[in-house]
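One structure below.
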Amino acid sequence: MPVKRAEKTPMPVRDPEVRAHDFKEVNDGYTIFHAAFEAERCLRCQDPVCVEGCPVGIPIPDFIHAVAIGDMAGAARILRGANPLPAICGRVCPQETQCEERCSLGTRLVPVAIGHLERFVADWERTQAPAAPLRPTRPKKIAVIGSGPSGLVCAGELARLGYPVTVYEALHAPGGVLRYGIPEFRLPKAILDWEIGVLKGLGVEIVCNVVIGKTLPLDDLFSRLGYTVVFVGTGAGLPQFLGISGEDLNGVMSANEFLTRVNLMRAYDFPETDTPVNVGKRVAVIGAGNTAMDAARTALRMGAEEAMIVYRRSEKEMSARVEEYGHAIEEGVRFHWLTSPLEVVGSADGWVTGLRCQKMQLGEPDRSGRARPVPIPGEEVTIPLDNVVLAIGTTPNPLLTRTTSGLLTTKEGCLVADEETGRTPKPLVFAGGDAVTGAATVILAAGAGKRAAHAIDEALAARG
């Protein structure tokens, strides 16, 4: 049974603390009046430090001022001019640690709800007539590998600059991690499809079921298909494992596999769809990032009676957004803090029956700056389970670099590329997003795609 959050009836209030909280809680039910009321809280600082916290450089005071005066069309133009994916970023971007964290109002009161205003404006834009399609005005073709956030933003920026752009996607539907990794309850597929439709209206062509490096070599994009520049935005889709006994048992999955089966391949409709997923009564998710929260909440929606997070550090050290953590608590996810897996326990016929764990305590900070978990001698516990989902991080898939000369990688398997421009050592090949940084946030990948698009434009202008 799907888990539903309680609805609230939106109502305007005068206290700024309550108003900001309520606007965040019930974004979908608000009118332009409520959005304008929240936007009026913006101080329009002479030095808008909130913009410095935005990886795609949205002129935040400008779009918020447009909302405050009721100019929704102007707000939408400002937003989309800086970010080709505002409806997506308004939902999944961690604004509380970026733009909202720097909001001057937040020093004494609740910060302006920048992210929810972005989402509100983008959702308003969806109700309007689509803009007239654009046609490329420049002759030099550009190929983008991967249709995740960095690839889509790079393609959108280049299309706006007049370039003919083709995006190559390995899966059967575009969106990358936005489609296979983020559940419907956080990012509805209708929103993703609409944003992709806007990019197609800019002239972006998307070709699915093409694995660059396997079905088509990267160098063929230059020599055979006539592209002038290639941008690599292939993400970080290779899951990591703990290396403990029992990880090969039936009922153990990476979060990538679990979420892909549900989000992309619609395992919830099996047998009407082709892909099943076995979810038992008790599911443990290892890790405490946003992906772990997504997997635990998805397990509940897939029929699990109990879903839990198992994490070797404490609540303070988790990397999940506070908002996603709060939703997980509301929906009944249980948390085993300071608990480190030692072994996945199985039955004689090869299925998961439990997880043997070591209880931990926090020691001195490690290289990440977080307190290091230290085992408590003699403190072990075995948790009865039917499934274990591993959400402990991902790395870039090495397929492309193994089949393409001239691309360099770090020891972590990430592509070597200039942080500001995305240039790689291979001429006229740029890269950005998780393929370069390792697993990070959607908005950081989007920022890398935007910077690379403008670097590509400058490089082509210099070539004449």
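So you can find residues: chains in the structure tokens are A, B, ... in the order shown, residues in each start at 1, and ligands are numbered from 1 in order.
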Using only C-alpha atoms, determine which residues lie at most 7 Å from region 358-373 of chain A, disregarding the query and same-chain residues fewer than 3 positions distant; provide the list as a tab-separated table (two decimals) with C-alpha atoms, in the first residue's frame.
chain	number	residue	atom	x	y	z
A	312	ARG	CA	27.69	2.80	11.51
A	313	ARG	CA	27.73	6.42	12.63
A	317	GLU	CA	26.88	12.28	10.75
A	338	LEU	CA	26.03	3.18	15.49
A	339	THR	CA	25.53	-0.25	13.97
A	340	SER	CA	28.04	-1.69	11.49
A	341	PRO	CA	27.26	-4.81	9.40
A	342	LEU	CA	29.61	-7.77	9.87
A	376	ILE	CA	32.45	-1.67	21.21
A	379	GLU	CA	28.64	-5.79	21.55
A	380	GLU	CA	27.06	-7.63	18.61
A	381	VAL	CA	23.46	-7.98	17.48
Exercise for the section: Run DSSP on the backbone and grab whatever in region 117-263 of chain A lands in helix (DSSP H, G or I); send it over as a ChimeraX atom specification. Expected result: /A:117-126,149-160,177-180,189-201,218-223,255-263
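Considering the residues A:Leu264, A:Pro217, A:Cys93, A:Ala255 and counting only C-alpha atoms, His172 (chain A) has its shortest atom-to-atom contact with A:Leu264.
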Kindly provide the residues of region 87-112 of chain A that approach region 147-166 of chain A to within 12 Å, each paired with its closest atom pair and their distance in Å to one decimal, based on only C-alpha atoms, listed by chain and increasing number, as a tab-separated table.
residue	atom	partner	partner_atom	distance
A:Ile88	CA	A:Pro149	CA	9.4
A:Cys89	CA	A:Pro149	CA	9.5
A:Val92	CA	A:Pro149	CA	11.4
A:Cys93	CA	A:Pro149	CA	11.5
Handout entry: Near-Ala431 (chain A) list (12 Å; only C-alpha atoms; drop same-chain fewer than 3 positions) as an NGL selection string
Key = :A and (143-146 or 150-151 or 154 or 229-235 or 407-409 or 414-428 or 434-437 or 445-453 or 455-456)
Practice task
For CA of Pro384 (chain A) and CA of Thr353 (chain A), quote the distance in Å rounded to one decimal.
Solution key: 5.9 Å
Practice task
Compile the contact shell of region 294-296 of chain A as an MDAnalysis selection string: residues with an atom at most 10 Å away, counting only C-alpha atoms, same-chain residues fewer than 5 positions apart removed.
Solution key: chainID A and resid 181:186 254:256 258:259 262 283:286 288:289 301:302 304 306:309 320 324:325 327:328 331:334 389:391
Take the residues that were just selected and, keeping C-alpha atoms, output them as a PDB file, in the first residue's frame.
ATOM      1  CA  GLY A 181      17.486   6.589  -8.997  1.00  0.00           C
ATOM      2  CA  ILE A 182      14.920   9.054  -7.615  1.00  0.00           C
ATOM      3  CA  PRO A 183      11.505   7.617  -6.676  1.00  0.00           C
ATOM      4  CA  GLU A 184       8.177   8.885  -7.945  1.00  0.00           C
ATOM      5  CA  PHE A 185       7.241  10.296  -4.540  1.00  0.00           C
ATOM      6  CA  ARG A 186      10.237  12.655  -4.672  1.00  0.00           C
ATOM      7  CA  SER A 254      22.447  -2.657  -4.303  1.00  0.00           C
ATOM      8  CA  ALA A 255      20.256   0.434  -4.001  1.00  0.00           C
ATOM      9  CA  ASN A 256      20.948   1.044  -7.704  1.00  0.00           C
ATOM     10  CA  PHE A 258      16.520  -1.982  -6.271  1.00  0.00           C
ATOM     11  CA  LEU A 259      15.565   1.550  -7.293  1.00  0.00           C
ATOM     12  CA  VAL A 262      11.137  -0.082  -9.282  1.00  0.00           C
ATOM     13  CA  VAL A 283      14.127  -4.817   4.847  1.00  0.00           C
ATOM     14  CA  ALA A 284      17.375  -3.224   6.025  1.00  0.00           C
ATOM     15  CA  VAL A 285      19.076  -0.477   4.035  1.00  0.00           C
ATOM     16  CA  ILE A 286      22.775   0.018   4.756  1.00  0.00           C
ATOM     17  CA  ALA A 288      22.220   7.013   5.627  1.00  0.00           C
ATOM     18  CA  GLY A 289      22.295   9.219   2.545  1.00  0.00           C
ATOM     19  CA  ARG A 301       5.620   1.186  -0.731  1.00  0.00           C
ATOM     20  CA  MET A 302       6.561  -2.200  -2.191  1.00  0.00           C
ATOM     21  CA  ALA A 304       7.534  -4.330   3.411  1.00  0.00           C
ATOM     22  CA  GLU A 306       9.204  -2.930   8.358  1.00  0.00           C
ATOM     23  CA  ALA A 307      11.994  -0.910   6.730  1.00  0.00           C
ATOM     24  CA  MET A 308      15.070   0.169   8.633  1.00  0.00           C
ATOM     25  CA  ILE A 309      18.280   2.131   8.152  1.00  0.00           C
ATOM     26  CA  ALA A 320      20.766  12.648   3.961  1.00  0.00           C
ATOM     27  CA  GLU A 324      14.198  13.416   3.517  1.00  0.00           C
ATOM     28  CA  TYR A 325      15.076  12.109   6.979  1.00  0.00           C
ATOM     29  CA  HIS A 327       9.781  12.098   5.669  1.00  0.00           C
ATOM     30  CA  ALA A 328      11.332   8.705   6.439  1.00  0.00           C
ATOM     31  CA  GLU A 331       6.473   7.038   7.176  1.00  0.00           C
ATOM     32  CA  GLY A 332       7.697   4.675   9.867  1.00  0.00           C
ATOM     33  CA  VAL A 333      11.270   3.885   8.836  1.00  0.00           C
ATOM     34  CA  ARG A 334      13.270   2.646  11.833  1.00  0.00           C
ATOM     35  CA  VAL A 389      19.819  -3.120   0.323  1.00  0.00           C
ATOM     36  CA  LEU A 390      23.279  -1.555   0.064  1.00  0.00           C
ATOM     37  CA  ALA A 391      23.302   2.232  -0.287  1.00  0.00           C
TER      38      ALA A 391
END
Problem - Nearest to Val167 (chain A), chosen from A:Ile196, A:Ala267, A:Val121, A:Leu460, with only C-alpha atoms counted in the distances - result: A:Ile196
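The residues of region 166-258 of chain A that DSSP assigns to strand (DSSP E) on this backbone come out as Thr166, Val167, Tyr168, Glu205, Ile206, Val207, Val229, Val230, Phe231, Val232, Leu238, Pro239, Val252, Met253 and Ser254 of chain A.
Note that the spacing between CA of Leu444 (chain A) and CA of Thr97 (chain A) amounts to 12.3 Å.
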Handout entry: Top pick for closest residue to Asp219 (chain A), considering A:Lys140, A:Gly175, A:Ile206, A:Thr404 and counting only C-alpha atoms
Key = A:Thr404
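Minimum atom-to-atom distances from A:Trp337, A:Gly70, A:Ala132, A:Arg102 to Thr31 (chain A) were compared using only C-alpha atoms, and the lowest value belongs to A:Gly70.
Separating CA of Leu221 (chain A) from CA of Thr403 (chain A) is a distance of 13.6 Å.
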Problem - Surrounding residues of region 47-60 of chain A excluding itself and chain neighbours under 2 positions, 7 Å, only C-alpha atoms, as a list in words - result: Cys45, Asp62, Phe63, Ile64, Leu79, Ala82, Asn83, Gln98, Cys99, Glu100, Arg102, Cys103, Ile443, Leu444, Ala446, Gly447 and Lys450 of chain A
Exercise for the section: Find the residues near Ile32 (chain A): any atom within 12 Å, counting only C-alpha atoms, skip ones fewer than 4 places away on the same chain, and give them as a VMD selection string. Expected result: chain A and resid 12 23 27 to 28 36 to 39 66 to 73 75 117 120 to 121 123 to 124
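The shortest atom-to-atom distance to Gly432 (chain A), with only C-alpha atoms taken into account, belongs to A:Ala236 out of A:Gly287, A:Glu40, A:Ala236, A:Thr401.
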